[in-house]
Protein chains: 2
Amino acid sequence: MHSTNQFCTVCGQSTSLFNYGAMCCSACSSFFRRSLSVKTPLRSCQNSELCFKQYNRAVYAECKFCRFHKCVQVGMLNTQKYSDLPKLMHELSHLDEERKKKTVNMTIPECFDLSSIFNYTSIKFAKKSPNLHLSSHDWGCMHQLTSMEFIKTFQFIKFLSMQDLKIFLKRTHFNHVLFSTAMASFSCKQDFMSFPDGTDVFPESIANVTCYNPHFLNRIRCKLMARMIELNITTSEYLLLSAIIFCNSVSTDLSENGRTLINSYQKVYGSLLFQYCEETNQKNGPLRFSELLSVCHAVAKTHEDIKKFFLLFQVYQPEAQPVQLHQDVIEYLSM
Amino acid sequence: MHSTNQFCTVCGQSTSLFNYGAMCCSACSSFFRRSLSVKTPLRSCQNSELCFKQYNRAVYAECKFCRFHKCVQVGMLNTQKYSDLPKLMHELSHLDEERKKKTVNMTIPECFDLSSIFNYTSIKFAKKSPNLHLSSHDWGCMHQLTSMEFIKTFQFIKFLSMQDLKIFLKRTHFNHVLFSTAMASFSCKQDFMSFPDGTDVFPESIANVTCYNPHFLNRIRCKLMARMIELNITTSEYLLLSAIIFCNSVSTDLSENGRTLINSYQKVYGSLLFQYCEETNQKNGPLRFSELLSVCHAVAKTHEDIKKFFLLFQVYQPEAQPVQLHQDVIEYLSM
DNA sequence: TAAAGAGGTCACGAGGTCAG
DNA sequence: CTGACCTCGTGACCTCTTTA
Ligand SMILES: [Zn+2]
Ligand SMILES: [Zn+2]
Ligand SMILES: [Zn+2]
Ligand SMILES: [Zn+2]
């Protein structure tokens, strides 16, 4: 018996095994494996997510939520899944295609369940009649919903608490809207952002007044695009960057467990992108990687600018606020 | 640390080892060894056989199919097996005896699983009643099946993808039928090809019409035979040539991996035959070797002629097409 | 007799199964 | 749902054979 004085980093049991990237006993390894494969979200903790803080190695079995997040905290990861880059790229690509299709072909149904937006469940859309013309507000609203739908298909979402999920989606989905809209425009060889049918990203009513600085508006339309054109970003890079971008908002509003979880996935997608850059660009891989990461900042900058614009829009044109079909959705999103 | 700046030609790991004919690390060497000994075919690639093309050094969980074919590509080979000529000749001889026995004593069973023909599994035959007389079509059909069965017993078959296996068998089996039929006739001291019981290789019905050029028919029956008689080919030479002949069809329909694999085995059997010729004929070895290789062309030429004959047969005698017991097999083979 | 290389051995980690 | 137990592919390490 050469019990190597090693202990499970999750429950403290004596063990010598290394599973899923951390020292852990076979029980915790099995638990982690099961948690990954289960489809339903984790039942939330009844003890303020403190089970492993208060009673470190004792009553772990009682709360799955805390046990799982302890696993994440000590570095456990679905190592197999995230080491098969080609398969992962294929999956990401499929998910993004679905998102694009929904954005273009679907619309918000008459009876829309607002609660499904920030819930674990998927958002139910309705088929759009092909001759329906969407306003800038309509497009924006659909983009927000399909981006959230996209984000919610990621595996780690089911491990966030209900509250964290809502905070996370609200904080991060608009960055994804911006980046995916920019990528769609980039694919159409445009040098300015627009919605898929060419509709401007700003409401038409801004033409009625002259108080917006045209440079400011064009900066929003073009700055992020210019960076993407400069880098000539590829679809694979875009897909991995998407994940990095929406995992980027480590808001302090999130619980510690939520932050740790999202951070760990940001790291995963970061190293996948790094790996991809190295394989694709050899020597110049690291340079390419850091250039691509700068796109995150460009996205964030444009997001700031858009926030400023909507502030001005409310001040200059309070009468032009969206009064159309889905005002309620917009209000719900800004709650 | 005398890390010799050398890298595994398969995975890129630093190594100084030379195994199975290539610079490769102990891991890849173990992998190759295991792959050779495993009985089941390789599970096919899920990434269009590009795992080692796109991401050369494969730091992620790579697929076994691509890893094995990368091994083949860099020149890895079961060197021990293919350096023991006497043992190899014994095995080849045994396999060919089995094939001959099946051709003479077996027949196609009532319930025949057509899908087994182009599959990795062996073809199930039924015992033939000794007084059953076979037509030329029946004999041809059995020869085709037993030749494919023979080809499928070779070790490298299990490394072909399902698709490549089918293409390979269809492209190459008829050359083996011709060569083995000719060899059987040669062993009976005939100077013309016939089936084992003396049945002519052409359907009896050709006697009903006079439109075939008798020189053309006799060229098919005798030309290849004449070359074999001239060279007085031995059984050992025949066995090695068989393998060279059926590895000779590097069809462009095959995947790159399939072509590389078959090419490498053709080279192996080629150098084995060369070695055999040198051992048996001393100084005249190289001459004998090139003479034997010319038989490949004679086989190919006769194959061309037979194709022409079947074209004529369909035109001249459409009513005499094989309507016997195993029409379905013939149709399946020509699909 | 020493180095190279073929092939055997085995602990490890991933993942599946099943009684409790 | 849990965790003990099982199977299987992996690769480090070892032993045996060959050869210069
Ligand atoms: Zn544990
Ligand atoms: Zn808890
Ligand atoms: Zn290697
Ligand atoms: Zn592959």
# chains A, B, ... in the order shown; residues from 1 in each chain; ligands from 1
call {"tool": "interface_residues", "arguments": {"of": "chain B", "to": "chain C", "cutoff": "9 Å", "atoms": "only C-alpha atoms (C1' of nucleotides)", "output": "ChimeraX atom specification"}}
result
/B:17-20,33,80
call {"tool": "write_last_selection", "arguments": {"atoms": "N, CA, C and O atoms", "output": "compact mmCIF listing (two decimals), in the first residue's frame"}}
result
# COMPACT_ATOMS: atom_id res chain seq x y z
N LEU B 17 14.29 7.78 -31.43
CA LEU B 17 14.07 6.36 -31.74
C LEU B 17 13.70 6.14 -33.19
O LEU B 17 13.08 6.98 -33.83
N PHE B 18 14.09 4.96 -33.67
CA PHE B 18 13.78 4.56 -35.04
C PHE B 18 13.02 3.24 -34.94
O PHE B 18 13.59 2.24 -34.53
N ASN B 19 11.72 3.28 -35.25
CA ASN B 19 10.91 2.07 -35.11
C ASN B 19 10.10 1.80 -36.37
O ASN B 19 9.52 2.72 -36.92
N TYR B 20 10.02 0.54 -36.75
CA TYR B 20 9.19 0.13 -37.89
C TYR B 20 9.46 0.96 -39.14
O TYR B 20 8.55 1.30 -39.87
N ARG B 33 2.13 -0.69 -33.47
CA ARG B 33 2.19 -2.12 -33.15
C ARG B 33 0.81 -2.66 -32.79
O ARG B 33 0.38 -3.69 -33.29
N GLN B 80 9.35 -6.85 -39.35
CA GLN B 80 9.66 -8.23 -39.02
C GLN B 80 8.93 -9.19 -39.94
O GLN B 80 9.51 -10.07 -40.55
call {"tool": "interface_residues", "arguments": {"of": "chain B", "to": "chain D", "cutoff": "12 Å", "atoms": "only C-alpha atoms (C1' of nucleotides)", "output": "ChimeraX atom specification"}}
result
/B:25-32,34-35,38,61,64,80
call {"tool": "residues_around", "arguments": {"residues": "Phe216 of chain A", "least_positions_apart": "2", "cutoff": "10 Å", "atoms": "only C-alpha atoms (C1' of nucleotides)", "output": "number ranges by chain"}}
result
A: 212-214, 218-221, 305-306, 308-309
call {"tool": "write_last_selection", "arguments": {"atoms": "N, CA, C and O atoms", "output": "compact mmCIF listing (two decimals), in the first residue's frame"}}
result
# COMPACT_ATOMS: atom_id res chain seq x y z
N TYR A 212 -27.25 64.60 -34.14
CA TYR A 212 -26.23 63.56 -33.94
C TYR A 212 -24.99 63.90 -34.72
O TYR A 212 -25.06 64.36 -35.86
N ASN A 213 -23.87 63.69 -34.11
CA ASN A 213 -22.61 63.88 -34.80
C ASN A 213 -22.41 62.73 -35.79
O ASN A 213 -22.30 61.58 -35.39
N PRO A 214 -22.37 63.03 -37.09
CA PRO A 214 -22.25 61.95 -38.07
C PRO A 214 -20.99 61.12 -37.89
O PRO A 214 -20.98 59.92 -38.16
N ASN A 218 -20.97 57.04 -37.58
CA ASN A 218 -20.15 56.22 -38.46
C ASN A 218 -19.10 55.41 -37.71
O ASN A 218 -18.71 54.33 -38.14
N ARG A 219 -18.65 55.95 -36.56
CA ARG A 219 -17.70 55.19 -35.77
C ARG A 219 -18.34 53.89 -35.31
O ARG A 219 -17.74 52.82 -35.34
N ILE A 220 -19.61 54.01 -34.88
CA ILE A 220 -20.33 52.80 -34.46
C ILE A 220 -20.48 51.83 -35.63
O ILE A 220 -20.25 50.64 -35.50
N ARG A 221 -20.83 52.37 -36.79
CA ARG A 221 -21.07 51.50 -37.95
C ARG A 221 -19.78 50.84 -38.46
O ARG A 221 -19.82 49.73 -38.99
N ASP A 305 -20.20 52.90 -27.15
CA ASP A 305 -20.71 53.95 -28.04
C ASP A 305 -22.21 53.80 -28.26
O ASP A 305 -22.95 54.78 -28.27
N ILE A 306 -22.65 52.55 -28.43
CA ILE A 306 -24.08 52.33 -28.68
C ILE A 306 -24.90 52.72 -27.47
O ILE A 306 -25.99 53.30 -27.59
N LYS A 308 -24.16 55.06 -25.43
CA LYS A 308 -24.21 56.53 -25.49
C LYS A 308 -25.27 56.97 -26.48
O LYS A 308 -26.06 57.88 -26.21
N PHE A 309 -25.28 56.30 -27.64
CA PHE A 309 -26.26 56.67 -28.66
C PHE A 309 -27.68 56.55 -28.13
O PHE A 309 -28.50 57.46 -28.30
call {"tool": "residues_near_ligand", "arguments": {"ligand": "ligand 2", "cutoff": "10 Å", "atoms": "only C-alpha atoms (C1' of nucleotides) and all ligand atoms", "output": "list of chain:residue names"}}
result
A:Arg43, A:Ser44, A:Cys45, A:Gln46, A:Asn47, A:Ser48, A:Glu49, A:Leu50, A:Cys51, A:Phe52, A:Lys53, A:Gln54, A:Val59, A:Tyr60, A:Ala61, A:Glu62, A:Cys63, A:Lys64, A:Phe65, A:Cys66, A:Arg67, A:Phe68, A:His69, A:Lys70
call {"tool": "closest_atom_pairs", "arguments": {"of": "chain A", "to": "chain B", "cutoff": "7 Å", "atoms": "only C-alpha atoms", "output": "CSV"}}
result
residue,atom,partner,partner_atom,distance
A:Gln80,CA,B:Ala61,CA,6.9
A:Ser83,CA,B:Tyr60,CA,4.6
A:Asp84,CA,B:Tyr60,CA,5.4
A:Leu85,CA,B:Tyr60,CA,6.9
A:Glu279,CA,B:Tyr55,CA,5.5
call {"tool": "residues_around", "arguments": {"residues": "segment 283-293 of chain A", "least_positions_apart": "3", "cutoff": "9 Å", "atoms": "only C-alpha atoms (C1' of nucleotides)", "output": "mmCIF file with C-alpha atoms, in the first residue's frame"}}
result
data_model
loop_
_atom_site.group_PDB
_atom_site.id
_atom_site.type_symbol
_atom_site.label_atom_id
_atom_site.label_comp_id
_atom_site.auth_asym_id
_atom_site.auth_seq_id
_atom_site.Cartn_x
_atom_site.Cartn_y
_atom_site.Cartn_z
ATOM 1 C CA MET A 228 -12.103 42.840 -38.704
ATOM 2 C CA LEU A 231 -7.300 41.272 -39.735
ATOM 3 C CA ILE A 233 -10.866 37.348 -39.778
ATOM 4 C CA GLU A 237 -11.544 32.495 -35.705
ATOM 5 C CA TYR A 238 -14.900 34.250 -35.498
ATOM 6 C CA LEU A 241 -13.789 34.528 -30.587
ATOM 7 C CA ILE A 244 -14.400 34.215 -25.763
ATOM 8 C CA ILE A 245 -16.333 37.455 -26.150
ATOM 9 C CA GLY A 270 -8.863 31.115 -25.255
ATOM 10 C CA LEU A 273 -8.062 29.800 -30.193
ATOM 11 C CA PHE A 274 -4.373 29.927 -29.340
ATOM 12 C CA GLN A 275 -3.971 26.330 -30.454
ATOM 13 C CA TYR A 276 -5.869 27.069 -33.640
ATOM 14 C CA CYS A 277 -3.655 30.095 -34.355
ATOM 15 C CA GLU A 278 -0.490 28.114 -33.769
ATOM 16 C CA GLU A 279 -1.614 25.312 -36.059
ATOM 17 C CA THR A 280 -2.780 27.667 -38.772
ATOM 18 C CA CYS A 296 -12.766 41.925 -27.983
ATOM 19 C CA HIS A 297 -11.843 45.456 -27.029
#
call {"tool": "select_by_dssp", "arguments": {"residues": "segment 19-174 of chain A", "states": "helix (DSSP H, G or I)", "output": "PyMOL selection string"}}
result
chain A and resi 26-37+51-54+60-62+64-73+81-83+85-105+114-116+136-152+155-159+162-174
call {"tool": "atom_distance", "arguments": {"atom1": "atom CA of Gly12 of chain A", "atom2": "atom CA of Glu256 of chain A"}}
result
21.3 Å
call {"tool": "closest_residue", "arguments": {"among": "B:Leu42, B:Val315, B:Val295, B:Ala243", "to": "ligand 4", "atoms": "only C-alpha atoms and all ligand atoms"}}
result
B:Leu42
call {"tool": "residues_around", "arguments": {"residues": "Pro203 of chain A", "least_positions_apart": "5", "cutoff": "8 Å", "atoms": "only C-alpha atoms (C1' of nucleotides)", "output": "CSV table (one decimal) with all heavy atoms, in the first residue's frame"}}
result
chain,number,residue,atom,x,y,z
A,135,SER,N,-38.2,46.8,-39.1
A,135,SER,CA,-37.6,48.1,-38.8
A,135,SER,C,-36.3,47.8,-38.1
A,135,SER,O,-36.0,46.6,-37.7
A,135,SER,CB,-38.5,48.9,-37.9
A,135,SER,OG,-38.5,48.3,-36.6
A,136,SER,N,-35.5,48.8,-37.9
A,136,SER,CA,-34.2,48.6,-37.2
A,136,SER,C,-34.4,48.1,-35.8
A,136,SER,O,-33.7,47.2,-35.3
A,136,SER,CB,-33.5,50.0,-37.2
A,136,SER,OG,-32.7,50.1,-36.0
A,137,HIS,N,-35.5,48.6,-35.1
A,137,HIS,CA,-35.8,48.1,-33.8
A,137,HIS,C,-36.2,46.6,-33.8
A,137,HIS,O,-35.7,45.9,-33.0
A,137,HIS,CB,-37.0,48.9,-33.2
A,137,HIS,CG,-36.6,50.2,-32.6
A,137,HIS,ND1,-35.6,50.3,-31.6
A,137,HIS,CD2,-36.9,51.5,-32.8
A,137,HIS,CE1,-35.4,51.5,-31.3
A,137,HIS,NE2,-36.2,52.3,-32.0
call {"tool": "residues_around", "arguments": {"residues": "Ser14 of chain A", "least_positions_apart": "2", "cutoff": "8 Å", "atoms": "only C-alpha atoms (C1' of nucleotides)", "output": "number ranges by chain"}}
result
A: 3, 5-8, 12, 16, 25
call {"tool": "write_last_selection", "arguments": {"atoms": "N, CA, C and O atoms", "output": "compact mmCIF listing (two decimals), in the first residue's frame"}}
result
# COMPACT_ATOMS: atom_id res chain seq x y z
N SER A 3 -0.03 4.42 -0.29
CA SER A 3 -0.97 5.55 -0.29
C SER A 3 -0.15 6.84 -0.26
O SER A 3 0.52 7.15 0.71
N ASN A 5 -0.16 9.86 0.24
CA ASN A 5 -0.40 11.10 0.99
C ASN A 5 -1.12 12.14 0.15
O ASN A 5 -0.99 13.34 0.39
N GLN A 6 -1.85 11.68 -0.86
CA GLN A 6 -2.54 12.60 -1.74
C GLN A 6 -4.02 12.53 -1.41
O GLN A 6 -4.55 11.48 -1.06
N PHE A 7 -4.68 13.66 -1.59
CA PHE A 7 -6.10 13.70 -1.24
C PHE A 7 -6.93 14.28 -2.38
O PHE A 7 -6.46 15.12 -3.15
N CYS A 8 -8.18 13.82 -2.45
CA CYS A 8 -9.11 14.34 -3.44
C CYS A 8 -9.29 15.84 -3.20
O CYS A 8 -9.64 16.25 -2.09
N GLY A 12 -11.64 15.55 -0.23
CA GLY A 12 -10.64 15.29 0.79
C GLY A 12 -10.32 13.84 1.03
O GLY A 12 -9.40 13.51 1.78
N SER A 16 -5.08 8.51 -5.15
CA SER A 16 -3.88 8.78 -5.94
C SER A 16 -4.25 8.99 -7.41
O SER A 16 -3.42 8.91 -8.29
N CYS A 25 -10.92 11.66 -6.17
CA CYS A 25 -11.25 10.26 -5.95
C CYS A 25 -12.21 9.78 -7.05
O CYS A 25 -12.77 10.58 -7.79
call {"tool": "residues_around", "arguments": {"residues": "Ser93 of chain A", "least_positions_apart": "3", "cutoff": "8 Å", "atoms": "only C-alpha atoms (C1' of nucleotides)", "output": "JSON, numbers by chain"}}
result
{"A": [89, 90, 96, 97, 236, 239]}
call {"tool": "write_last_selection", "arguments": {"atoms": "C-alpha atoms", "output": "mmCIF file, in the first residue's frame"}}
result
data_model
loop_
_atom_site.group_PDB
_atom_site.id
_atom_site.type_symbol
_atom_site.label_atom_id
_atom_site.label_comp_id
_atom_site.auth_asym_id
_atom_site.auth_seq_id
_atom_site.Cartn_x
_atom_site.Cartn_y
_atom_site.Cartn_z
ATOM 1 C CA MET A 89 -15.320 23.703 -34.585
ATOM 2 C CA HIS A 90 -17.906 21.665 -36.426
ATOM 3 C CA ASP A 96 -23.979 29.583 -35.448
ATOM 4 C CA GLU A 97 -25.673 28.523 -38.684
ATOM 5 C CA SER A 236 -13.192 29.589 -37.488
ATOM 6 C CA LEU A 239 -16.537 31.186 -33.940
#
call {"tool": "atom_distance", "arguments": {"atom1": "atom CA of Thr181 of chain B", "atom2": "atom CA of Gln155 of chain B"}}
result
23.4 Å
call {"tool": "decode", "arguments": {"residues": "chain D", "atoms": "C-alpha atoms (C1' of nucleotides)", "output": "tab-separated table (two decimals), in the first residue's frame"}}
result
chain	number	residue	atom	x	y	z
D	1	DC	C1'	-28.42	9.17	-7.81
D	2	DT	C1'	-24.34	7.02	-5.98
D	3	DG	C1'	-19.86	4.89	-6.18
D	4	DA	C1'	-17.65	0.39	-6.72
D	5	DC	C1'	-16.17	-2.17	-10.34
D	6	DC	C1'	-15.21	-3.29	-15.12
D	7	DT	C1'	-13.23	-2.81	-19.88
D	8	DC	C1'	-10.29	-0.77	-23.08
D	9	DG	C1'	-6.79	2.15	-25.37
D	10	DT	C1'	-2.60	4.44	-24.10
D	11	DG	C1'	2.31	5.13	-23.53
D	12	DA	C1'	6.27	4.57	-20.28
D	13	DC	C1'	9.24	1.15	-19.26
D	14	DC	C1'	11.32	-3.36	-19.51
D	15	DT	C1'	13.30	-7.56	-21.63
D	16	DC	C1'	14.91	-10.20	-25.41
D	17	DT	C1'	17.09	-10.70	-29.94
D	18	DT	C1'	20.00	-9.25	-33.48
D	19	DT	C1'	24.05	-7.29	-35.36
D	20	DA	C1'	28.21	-4.62	-36.00
